[in-house]
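This is structure_9.tsv (TSV, C-alpha atoms (C1' of nucleotides)).
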chain	number	residue	atom	x	y	z
A	1	MET	CA	0.00	0.00	0.00
A	2	THR	CA	1.65	3.17	-1.15
A	3	ASN	CA	-1.07	5.32	0.26
A	4	PRO	CA	-1.30	5.85	4.00
A	5	LEU	CA	-4.50	7.80	3.57
A	6	GLN	CA	-6.19	4.64	2.40
A	7	ALA	CA	-5.04	2.76	5.44
A	8	LEU	CA	-5.76	5.40	8.05
A	9	TRP	CA	-8.99	3.76	8.98
A	10	PRO	CA	-8.17	0.30	10.27
A	11	CYS	CA	-11.72	-0.93	10.47
A	12	CYS	CA	-13.95	-2.08	7.65
A	13	ALA	CA	-13.15	-5.69	6.87
A	14	GLY	CA	-11.14	-6.39	3.80
A	15	GLU	CA	-12.05	-3.28	1.93
A	16	GLU	CA	-9.82	-1.63	-0.55
A	17	SER	CA	-9.85	1.75	1.11
A	18	GLY	CA	-11.01	1.75	4.66
A	19	THR	CA	-10.67	5.48	4.90
A	20	ALA	CA	-13.07	5.96	2.03
A	21	GLU	CA	-15.51	3.73	3.86
A	22	LEU	CA	-15.18	5.83	6.97
A	23	PHE	CA	-15.90	9.02	5.10
A	24	SER	CA	-18.77	7.41	3.25
A	25	ALA	CA	-20.31	6.63	6.59
A	26	LEU	CA	-19.94	10.26	7.58
A	27	ALA	CA	-21.12	11.63	4.26
A	28	ASP	CA	-24.82	11.80	4.97
A	29	PRO	CA	-26.77	14.57	6.71
A	30	THR	CA	-29.03	12.17	8.55
A	31	ARG	CA	-26.11	10.16	9.89
A	32	LEU	CA	-24.43	13.35	11.05
A	33	ILE	CA	-27.59	14.27	12.90
A	34	LEU	CA	-27.62	10.87	14.55
A	35	LEU	CA	-23.99	11.21	15.56
A	36	TRP	CA	-24.60	14.64	16.92
A	37	ARG	CA	-27.50	13.33	18.92
A	38	LEU	CA	-25.31	10.60	20.35
A	39	LEU	CA	-22.64	13.15	21.16
A	40	GLN	CA	-25.12	15.28	23.04
A	41	ALA	CA	-26.55	12.32	24.83
A	42	GLN	CA	-23.17	11.51	26.31
A	43	GLY	CA	-24.24	7.91	26.33
A	44	GLU	CA	-26.68	5.46	24.84
A	45	LEU	CA	-29.87	6.06	22.94
A	46	SER	CA	-32.38	3.63	21.49
A	47	VAL	CA	-33.41	3.59	17.85
A	48	SER	CA	-36.75	5.12	18.71
A	49	GLU	CA	-35.13	7.93	20.63
A	50	LEU	CA	-32.68	8.53	17.82
A	51	SER	CA	-35.40	8.54	15.21
A	52	ASP	CA	-37.12	11.45	16.88
A	53	CYS	CA	-34.51	13.93	15.74
A	54	CYS	CA	-34.32	13.16	12.05
A	55	GLY	CA	-37.28	13.50	9.80
A	56	ILE	CA	-37.26	10.10	8.19
A	57	HIS	CA	-38.98	6.78	8.74
A	58	LEU	CA	-37.71	4.70	11.62
A	59	SER	CA	-36.65	1.91	9.32
A	60	GLY	CA	-34.36	4.32	7.57
A	61	VAL	CA	-32.84	5.35	10.87
A	62	SER	CA	-32.20	1.72	11.66
A	63	ARG	CA	-30.38	1.32	8.38
A	64	HIS	CA	-28.28	4.41	8.97
A	65	LEU	CA	-27.34	3.15	12.41
A	66	ALA	CA	-26.39	-0.21	10.97
A	67	GLN	CA	-24.15	1.57	8.54
A	68	LEU	CA	-22.45	3.61	11.25
A	69	ARG	CA	-22.09	0.46	13.28
A	70	GLN	CA	-20.50	-1.44	10.46
A	71	ALA	CA	-18.09	1.43	10.04
A	72	GLN	CA	-17.28	1.00	13.72
A	73	ILE	CA	-18.21	4.55	14.53
A	74	ILE	CA	-20.88	3.49	16.97
A	75	ASP	CA	-21.54	0.48	19.17
A	76	ALA	CA	-24.77	-1.37	19.74
A	77	ARG	CA	-26.08	-3.07	22.83
A	78	LYS	CA	-29.29	-5.01	22.96
A	79	GLU	CA	-31.35	-4.96	26.09
A	80	GLY	CA	-34.65	-6.71	25.88
A	81	ARG	CA	-36.25	-5.68	22.65
A	82	THR	CA	-34.62	-2.32	22.41
A	83	VAL	CA	-31.19	-1.68	20.97
A	84	PHE	CA	-29.03	1.04	22.40
A	85	TYR	CA	-26.42	2.76	20.30
A	86	ARG	CA	-23.51	4.77	21.56
A	87	LEU	CA	-20.69	6.65	19.96
A	88	ARG	CA	-17.33	4.92	19.87
A	89	ALA	CA	-14.64	7.55	20.25
A	90	GLU	CA	-11.76	5.43	19.10
A	91	PRO	CA	-10.36	5.03	16.58
A	92	LEU	CA	-12.47	7.80	15.12
A	93	ALA	CA	-10.89	10.65	17.01
A	94	SER	CA	-7.34	9.41	16.47
A	95	THR	CA	-7.91	8.95	12.78
A	96	LEU	CA	-9.35	12.42	12.33
A	97	THR	CA	-6.47	13.88	14.27
A	98	ALA	CA	-3.89	11.99	12.24
A	99	LEU	CA	-5.57	13.18	9.08
A	100	ALA	CA	-5.60	16.76	10.27
A	101	GLU	CA	-1.93	16.58	11.08
A	102	ALA	CA	-1.07	15.07	7.74
A	103	VAL	CA	-2.94	17.80	5.94
A	104	SER	CA	-1.59	20.70	7.95
A	105	SER	CA	1.96	19.42	7.71
A	106	GLN	CA	1.89	20.09	4.04
A	107	ALA	CA	0.06	23.07	2.73
A	108	GLN	CA	1.05	25.02	5.78
A	109	PRO	CA	3.20	27.35	3.75
A	110	SER	CA	5.82	28.07	6.32
A	111	GLU	CA	7.61	29.66	3.42
A	112	ALA	CA	8.69	29.12	-0.15
A	113	THR	CA	5.17	28.78	-1.50
A	114	THR	CA	5.21	31.50	-4.07
A	115	GLU	CA	1.78	31.56	-5.60
A	116	THR	CA	0.28	33.59	-8.39
B	1	MET	CA	-29.20	25.08	13.34
B	2	THR	CA	-29.29	22.77	16.28
B	3	ASN	CA	-26.51	20.65	14.92
B	4	PRO	CA	-22.96	21.98	15.01
B	5	LEU	CA	-21.74	18.92	13.15
B	6	GLN	CA	-23.67	20.07	10.13
B	7	ALA	CA	-22.07	23.47	10.26
B	8	LEU	CA	-18.52	22.43	10.91
B	9	TRP	CA	-17.62	22.77	7.31
B	10	PRO	CA	-18.13	26.39	6.34
B	11	CYS	CA	-17.62	25.94	2.63
B	12	CYS	CA	-20.01	24.52	0.08
B	13	ALA	CA	-22.41	27.23	-0.99
B	14	GLY	CA	-25.90	27.09	0.40
B	15	GLU	CA	-25.99	23.44	1.12
B	16	GLU	CA	-28.00	21.91	3.86
B	17	SER	CA	-25.12	20.15	5.50
B	18	GLY	CA	-21.73	21.39	4.52
B	19	THR	CA	-20.03	18.79	6.63
B	20	ALA	CA	-21.75	16.01	4.74
B	21	GLU	CA	-20.51	17.58	1.53
B	22	LEU	CA	-16.99	17.62	2.86
B	23	PHE	CA	-17.10	13.96	3.75
B	24	SER	CA	-18.72	13.11	0.45
B	25	ALA	CA	-15.76	14.68	-1.25
B	26	LEU	CA	-13.45	12.52	0.82
B	27	ALA	CA	-15.49	9.36	0.44
B	28	ASP	CA	-13.92	8.02	-2.71
B	29	PRO	CA	-10.78	5.90	-3.04
B	30	THR	CA	-9.60	7.70	-6.16
B	31	ARG	CA	-9.98	11.10	-4.58
B	32	LEU	CA	-8.05	9.94	-1.54
B	33	ILE	CA	-5.27	8.79	-3.81
B	34	LEU	CA	-5.23	12.18	-5.48
B	35	LEU	CA	-5.11	13.94	-2.14
B	36	TRP	CA	-2.33	11.72	-0.96
B	37	ARG	CA	-0.41	12.46	-4.11
B	38	LEU	CA	-0.84	16.18	-3.52
B	39	LEU	CA	0.28	15.72	0.06
B	40	GLN	CA	3.41	13.94	-1.04
B	41	ALA	CA	4.11	16.48	-3.71
B	42	GLN	CA	4.23	19.24	-1.14
B	43	GLY	CA	3.02	21.58	-3.81
B	44	GLU	CA	1.30	21.71	-7.15
B	45	LEU	CA	0.66	18.98	-9.67
B	46	SER	CA	-1.00	19.08	-13.06
B	47	VAL	CA	-3.94	16.93	-14.04
B	48	SER	CA	-1.72	14.74	-16.19
B	49	GLU	CA	0.73	14.20	-13.38
B	50	LEU	CA	-2.09	13.43	-10.98
B	51	SER	CA	-3.69	11.01	-13.37
B	52	ASP	CA	-0.60	8.84	-13.44
B	53	CYS	CA	-1.18	7.49	-9.97
B	54	CYS	CA	-4.78	6.38	-10.19
B	55	GLY	CA	-5.92	3.76	-12.63
B	56	ILE	CA	-8.73	5.63	-14.28
B	57	HIS	CA	-9.18	7.69	-17.39
B	58	LEU	CA	-7.84	11.21	-17.31
B	59	SER	CA	-11.28	12.69	-17.79
B	60	GLY	CA	-12.39	10.97	-14.62
B	61	VAL	CA	-9.44	12.44	-12.77
B	62	SER	CA	-10.41	15.84	-14.00
B	63	ARG	CA	-13.91	15.34	-12.65
B	64	HIS	CA	-12.63	14.18	-9.29
B	65	LEU	CA	-10.38	17.20	-9.04
B	66	ALA	CA	-13.28	19.47	-9.89
B	67	GLN	CA	-15.22	17.88	-7.08
B	68	LEU	CA	-12.42	18.35	-4.56
B	69	ARG	CA	-12.04	21.91	-5.78
B	70	GLN	CA	-15.70	22.66	-5.33
B	71	ALA	CA	-15.46	21.26	-1.84
B	72	GLN	CA	-12.62	23.73	-1.28
B	73	ILE	CA	-10.20	21.01	-0.35
B	74	ILE	CA	-7.84	21.89	-3.17
B	75	ASP	CA	-7.02	24.96	-5.21
B	76	ALA	CA	-6.48	25.30	-8.92
B	77	ARG	CA	-4.18	27.54	-10.86
B	78	LYS	CA	-4.04	27.73	-14.60
B	79	GLU	CA	-0.75	28.33	-16.34
B	80	GLY	CA	-0.85	28.19	-20.07
B	81	ARG	CA	-2.82	25.13	-20.99
B	82	THR	CA	-2.07	23.14	-17.92
B	83	VAL	CA	-3.95	23.41	-14.65
B	84	PHE	CA	-2.10	22.93	-11.41
B	85	TYR	CA	-3.86	21.70	-8.32
B	86	ARG	CA	-2.64	21.99	-4.78
B	87	LEU	CA	-3.96	20.98	-1.43
B	88	ARG	CA	-5.60	23.66	0.65
B	89	ALA	CA	-4.83	22.96	4.28
B	90	GLU	CA	-7.43	25.23	5.78
B	91	PRO	CA	-10.12	24.90	6.77
B	92	LEU	CA	-9.71	21.17	6.26
B	93	ALA	CA	-7.25	20.59	9.05
B	94	SER	CA	-9.11	22.76	11.54
B	95	THR	CA	-12.39	21.07	10.78
B	96	LEU	CA	-10.97	17.60	11.21
B	97	THR	CA	-9.35	18.64	14.47
B	98	ALA	CA	-12.54	20.18	15.78
B	99	LEU	CA	-14.41	17.04	14.87
B	100	ALA	CA	-11.85	14.84	16.58
B	101	GLU	CA	-12.11	16.93	19.71
B	102	ALA	CA	-15.87	16.82	19.72
B	103	VAL	CA	-15.84	13.07	19.39
B	104	SER	CA	-13.17	12.41	21.98
B	105	SER	CA	-14.77	14.76	24.47
B	106	GLN	CA	-17.64	12.39	24.78
B	107	ALA	CA	-17.05	8.69	24.74
B	108	GLN	CA	-13.69	9.17	26.38
B	109	PRO	CA	-14.86	8.26	29.86
B	110	SER	CA	-11.48	8.88	31.41
B	111	GLU	CA	-12.85	11.45	33.80
B	112	ALA	CA	-14.07	14.99	34.01
B	113	THR	CA	-16.94	14.23	31.70
B	114	THR	CA	-19.35	15.99	33.96
B	115	GLU	CA	-22.07	16.83	31.53
B	116	THR	CA	-24.30	19.85	31.62
C	1	DA	C1'	-50.69	-19.43	23.20
C	2	DG	C1'	-51.68	-14.89	21.82
C	3	DC	C1'	-50.74	-10.02	21.49
C	4	DA	C1'	-48.05	-5.79	21.56
C	5	DA	C1'	-43.69	-3.16	21.16
C	6	DA	C1'	-38.91	-2.39	19.16
C	7	DT	C1'	-36.14	-3.18	15.50
C	8	DT	C1'	-34.66	-5.14	11.22
C	9	DT	C1'	-35.19	-6.62	6.45
C	10	DG	C1'	-37.23	-7.30	1.62
C	11	DC	C1'	-38.89	-4.75	-2.17
C	12	DG	C1'	-39.54	-1.16	-5.47
C	13	DC	C1'	-38.35	3.35	-6.89
C	14	DA	C1'	-36.10	7.57	-7.73
C	15	DT	C1'	-31.87	9.78	-7.65
C	16	DA	C1'	-26.89	10.28	-7.42
C	17	DC	C1'	-22.33	8.78	-8.72
C	18	DA	C1'	-18.14	6.81	-11.07
C	19	DT	C1'	-16.49	5.59	-15.44
C	20	DG	C1'	-15.02	5.35	-20.47
C	21	DC	C1'	-15.35	7.24	-24.83
C	22	DA	C1'	-15.70	10.84	-27.92
C	23	DA	C1'	-16.30	15.60	-28.83
C	24	DA	C1'	-15.46	20.36	-27.35
C	25	DT	C1'	-12.49	24.07	-25.47
C	26	DA	C1'	-8.24	26.43	-24.61
C	27	DA	C1'	-3.68	27.62	-25.39
C	28	DA	C1'	0.58	27.03	-27.81
C	29	DG	C1'	3.67	25.91	-31.53
C	30	DT	C1'	4.55	25.69	-36.76
D	1	DA	C1'	-4.63	28.90	-40.54
D	2	DC	C1'	-3.45	24.26	-39.14
D	3	DT	C1'	-1.87	21.08	-35.70
D	4	DT	C1'	-0.66	19.49	-31.25
D	5	DT	C1'	-1.18	19.32	-26.23
D	6	DA	C1'	-3.83	19.80	-21.78
D	7	DT	C1'	-8.06	19.78	-19.82
D	8	DT	C1'	-12.98	19.81	-19.57
D	9	DT	C1'	-17.66	18.39	-20.79
D	10	DG	C1'	-21.67	15.68	-23.03
D	11	DC	C1'	-23.49	11.23	-23.25
D	12	DA	C1'	-24.54	6.50	-22.11
D	13	DT	C1'	-24.27	2.92	-18.74
D	14	DG	C1'	-23.82	0.23	-14.76
D	15	DT	C1'	-23.91	0.51	-9.95
D	16	DA	C1'	-24.74	2.38	-5.42
D	17	DT	C1'	-27.63	4.95	-2.15
D	18	DG	C1'	-31.64	6.83	0.47
D	19	DC	C1'	-36.34	6.38	1.08
D	20	DG	C1'	-41.16	4.64	2.40
D	21	DC	C1'	-44.02	0.88	3.03
D	22	DA	C1'	-45.09	-3.60	4.44
D	23	DA	C1'	-43.68	-7.91	6.25
D	24	DA	C1'	-40.61	-10.47	9.23
D	25	DT	C1'	-38.10	-11.00	13.55
D	26	DT	C1'	-37.21	-10.67	18.38
D	27	DT	C1'	-38.60	-10.14	22.93
D	28	DG	C1'	-41.69	-9.15	26.69
D	29	DC	C1'	-46.28	-9.22	28.76
D	30	DT	C1'	-50.79	-11.29	30.12
Render the structure in this file as structure tokens.
Amino acid sequence: MTNPLQALWPCCAGEESGTAELFSALADPTRLILLWRLLQAQGELSVSELSDCCGIHLSGVSRHLAQLRQAQIIDARKEGRTVFYRLRAEPLASTLTALAEAVSSQAQPSEATTET
Amino acid sequence: MTNPLQALWPCCAGEESGTAELFSALADPTRLILLWRLLQAQGELSVSELSDCCGIHLSGVSRHLAQLRQAQIIDARKEGRTVFYRLRAEPLASTLTALAEAVSSQAQPSEATTET
DNA sequence: AGCAAATTTGCGCATACATGCAAATAAAGT
DNA sequence: ACTTTATTTGCATGTATGCGCAAATTTGCT
């Protein structure tokens, strides 16, 4: 692998580019709302609770959560007939940080970047 | 806007969720390769140069670059008949960092997470 | 067993996206 | 003017994605 960006995200089975999978999971307004809700909650929320905040059918919410879960961004815990989801900080935070550092290490034109 | 996650990414015209647009731009293996190439280059690269590293047609590369450009992740500069692209560090790096902090502030149950 | 609640899954549909190819621009060079 | 080079854009196509609705599944209650 000549491309560390591709490998930044260690999750996602045997995919070609795990990082792309991570960003795909984050690339939807509804999923961002769900993540934000989980962030606010500072803990677990059920599918029903989560579905209150986004204007789509509950089945859709369930699918979105499954997607986030598969991307290892959130965790699920089943208690009785309800399923509780919670945000999983790592390795999300570390990956984003690493990415930020990689980006800023470059185009940060300390000098010598004579543009137009 | 009750959702800071949606507003984290200030670019992208009048879109509903700029952050989702940002991640959409990053959610493709080819585009990640291009970004990595620009990172390595530590400067500008032309479309032709960029297209060497990813296995798709040059026209596709051009489209991907346009997408990254519209997402304000890269900048373009035209010199003669060639167009040079370069990575734009900000606000990408800041946004990723902010996101990482938001995420780690929560599920990191180390201590001090005394919520509101 | 029978019923109700919480969640997931199958299906169909509409829309978005990535891609290659060929044509269109744009800018030089002859 | 004609030709060559660099890049973009139109078009067609196959594939992925988000959605609602209804049915299936799982679990708890009586």
Next on the checklist: When you count all atoms listed in the file, which of these residues is closest to chain A: C:DC13, C:DA1, C:DA6, C:DA27?
Outcome noted: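 The closest residue to chain A is C:DA6.
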Checklist entry - Can you find the residues with an atom no farther than 8 Å from (-4.6, 29.9, -24.1), counting all atoms listed in the file, and report them as a ChimeraX atom specification? => result /B:80-81 /C:26-28
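Within 9 Å of the point (-9.9, 24.2, -2.0) in file coordinates, and counting all atoms listed in the file, lie the residues Leu68, Arg69, Gln70, Ala71, Gln72, Ile73, Ile74, Asp75, Ala76, Arg86, Leu87, Arg88, Ala89, Glu90, Pro91 and Leu92 of chain B.
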Can I get the selected residues back with C-alpha atoms, as a PDB file, in the coordinates of the input?
ATOM      1  CA  LEU B  68     -12.420  18.350  -4.560  1.00  0.00           C
ATOM      2  CA  ARG B  69     -12.040  21.910  -5.780  1.00  0.00           C
ATOM      3  CA  GLN B  70     -15.700  22.660  -5.330  1.00  0.00           C
ATOM      4  CA  ALA B  71     -15.460  21.260  -1.840  1.00  0.00           C
ATOM      5  CA  GLN B  72     -12.620  23.730  -1.280  1.00  0.00           C
ATOM      6  CA  ILE B  73     -10.200  21.010  -0.350  1.00  0.00           C
ATOM      7  CA  ILE B  74      -7.840  21.890  -3.170  1.00  0.00           C
ATOM      8  CA  ASP B  75      -7.020  24.960  -5.210  1.00  0.00           C
ATOM      9  CA  ALA B  76      -6.480  25.300  -8.920  1.00  0.00           C
ATOM     10  CA  ARG B  86      -2.640  21.990  -4.780  1.00  0.00           C
ATOM     11  CA  LEU B  87      -3.960  20.980  -1.430  1.00  0.00           C
ATOM     12  CA  ARG B  88      -5.600  23.660   0.650  1.00  0.00           C
ATOM     13  CA  ALA B  89      -4.830  22.960   4.280  1.00  0.00           C
ATOM     14  CA  GLU B  90      -7.430  25.230   5.780  1.00  0.00           C
ATOM     15  CA  PRO B  91     -10.120  24.900   6.770  1.00  0.00           C
ATOM     16  CA  LEU B  92      -9.710  21.170   6.260  1.00  0.00           C
TER      17      LEU B  92
END
Item to check | At most 10 Å to chain C: residues in chain B, only C-alpha atoms (C1' of nucleotides), as a list of chain:residue names | outcome: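 The contacting residues on chain B are B:Asp28, B:Thr30, B:Ile56, B:His57, B:Leu58, B:Ser59, B:Gly60, B:Arg63, B:His64, B:Glu79, B:Gly80, B:Arg81, B:Thr82.
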Under the rule of at most 10 Å, produce a per-residue listing of chain A near chain B: chain, number, name, the closest pair of atoms, and the distance in Å, as a tab-separated table, using only C-alpha atoms.
residue	atom	partner	partner_atom	distance
A:Thr2	CA	B:Ile33	CA	9.3
A:Asn3	CA	B:Trp36	CA	6.6
A:Pro4	CA	B:Trp36	CA	7.8
A:Leu5	CA	B:Trp36	CA	6.4
A:Gln6	CA	B:Leu32	CA	6.9
A:Glu16	CA	B:Pro29	CA	8.0
A:Ser17	CA	B:Pro29	CA	5.9
A:Gly18	CA	B:Pro29	CA	8.8
A:Thr19	CA	B:Ala27	CA	7.6
A:Ala20	CA	B:Ala27	CA	4.5
A:Glu21	CA	B:Ala27	CA	6.6
A:Leu22	CA	B:Ala27	CA	7.4
A:Phe23	CA	B:Ala27	CA	4.7
A:Ser24	CA	B:Ala27	CA	4.7
A:Ala25	CA	B:Ala27	CA	8.3
A:Leu26	CA	B:Phe23	CA	6.0
A:Ala27	CA	B:Ala20	CA	4.5
A:Asp28	CA	B:Ala20	CA	5.2
A:Pro29	CA	B:Ala20	CA	5.6
A:Thr30	CA	B:Ala20	CA	9.1
A:Arg31	CA	B:Ala20	CA	8.9
A:Leu32	CA	B:Leu5	CA	6.5
A:Ile33	CA	B:Asn3	CA	6.8
A:Leu34	CA	B:Asn3	CA	9.8
A:Leu35	CA	B:Leu5	CA	8.4
A:Trp36	CA	B:Leu5	CA	6.4
A:Arg37	CA	B:Asn3	CA	8.4
A:Leu38	CA	B:Gln106	CA	9.0
A:Leu39	CA	B:Gln106	CA	6.2
A:Gln40	CA	B:Gln106	CA	8.2
A:Ala41	CA	B:Gln106	CA	8.9
A:Gln42	CA	B:Gln106	CA	5.8
A:Gly43	CA	B:Ala107	CA	7.4
A:Arg86	CA	B:Ala107	CA	8.2
A:Leu87	CA	B:Ala107	CA	6.3
A:Arg88	CA	B:Ala107	CA	6.2
A:Ala89	CA	B:Ala107	CA	5.2
A:Glu90	CA	B:Ser104	CA	7.7
A:Pro91	CA	B:Ser104	CA	9.6
A:Leu92	CA	B:Ala100	CA	7.2
A:Ala93	CA	B:Ala100	CA	4.3
A:Ser94	CA	B:Ala100	CA	7.1
A:Thr95	CA	B:Ala100	CA	8.0
A:Leu96	CA	B:Ala100	CA	5.5
A:Thr97	CA	B:Thr97	CA	5.6
A:Ala98	CA	B:Thr97	CA	8.9
A:Leu99	CA	B:Leu96	CA	7.3
A:Ala100	CA	B:Ala93	CA	4.3
A:Glu101	CA	B:Ala93	CA	7.0
A:Ala102	CA	B:Leu39	CA	7.8
A:Val103	CA	B:Ala89	CA	5.7
A:Ser104	CA	B:Ala89	CA	5.4
A:Ser105	CA	B:Ala89	CA	8.4
A:Gln106	CA	B:Gln42	CA	5.7
A:Ala107	CA	B:Ala89	CA	5.1
A:Gln108	CA	B:Ala89	CA	6.4
A:Pro109	CA	B:Ala89	CA	9.2
A:Thr113	CA	B:Gly43	CA	7.9
A:Glu115	CA	B:Arg77	CA	8.9
A:Thr116	CA	B:Arg77	CA	7.9
Checklist entry - Any idea what the distance is between CA of Ser62 in chain B and CA of Trp9 in chain B? => result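 Computing the Euclidean distance for CA of Ser62 in chain B and CA of Trp9 in chain B yields 23.5 Å.
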Checklist entry - After fitting chain B to chain A over all Cα atoms matched in order, what RMSD is left? => result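 The C-alpha RMSD comes to 3.1 Å.
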Checklist entry - Using all atoms listed in the file, which chain D residues lie at most 9 Å away from chain B, written as a list in words? => result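 Per the criterion, chain D yields DT5, DA6, DT7 and DT8 of chain D.
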Enclose all atoms of range 4-16 of chain C listed in the file in an axis-aligned box, grow every side by 6 Å, and hand back centre and edge lengths in Å to one decimal, as lines of an AutoDock Vina configuration file.
center_x = -37.5
center_y = 1.5
center_z = 6.9
size_x = 33.2
size_y = 29.6
size_z = 41.3
Next on the checklist: Between CA of Leu45 in chain A and CA of Phe84 in chain A, what is the distance in Å, rounded to a tenth?
Outcome noted: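 So the two atoms, CA of Leu45 in chain A and CA of Phe84 in chain A, lie 5.1 Å apart.
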Next on the checklist: Can you measure CA of Gln67 in chain A to C1' of DT25 in chain D for me? One decimal in Å is fine.
Outcome noted: 19.4 Å
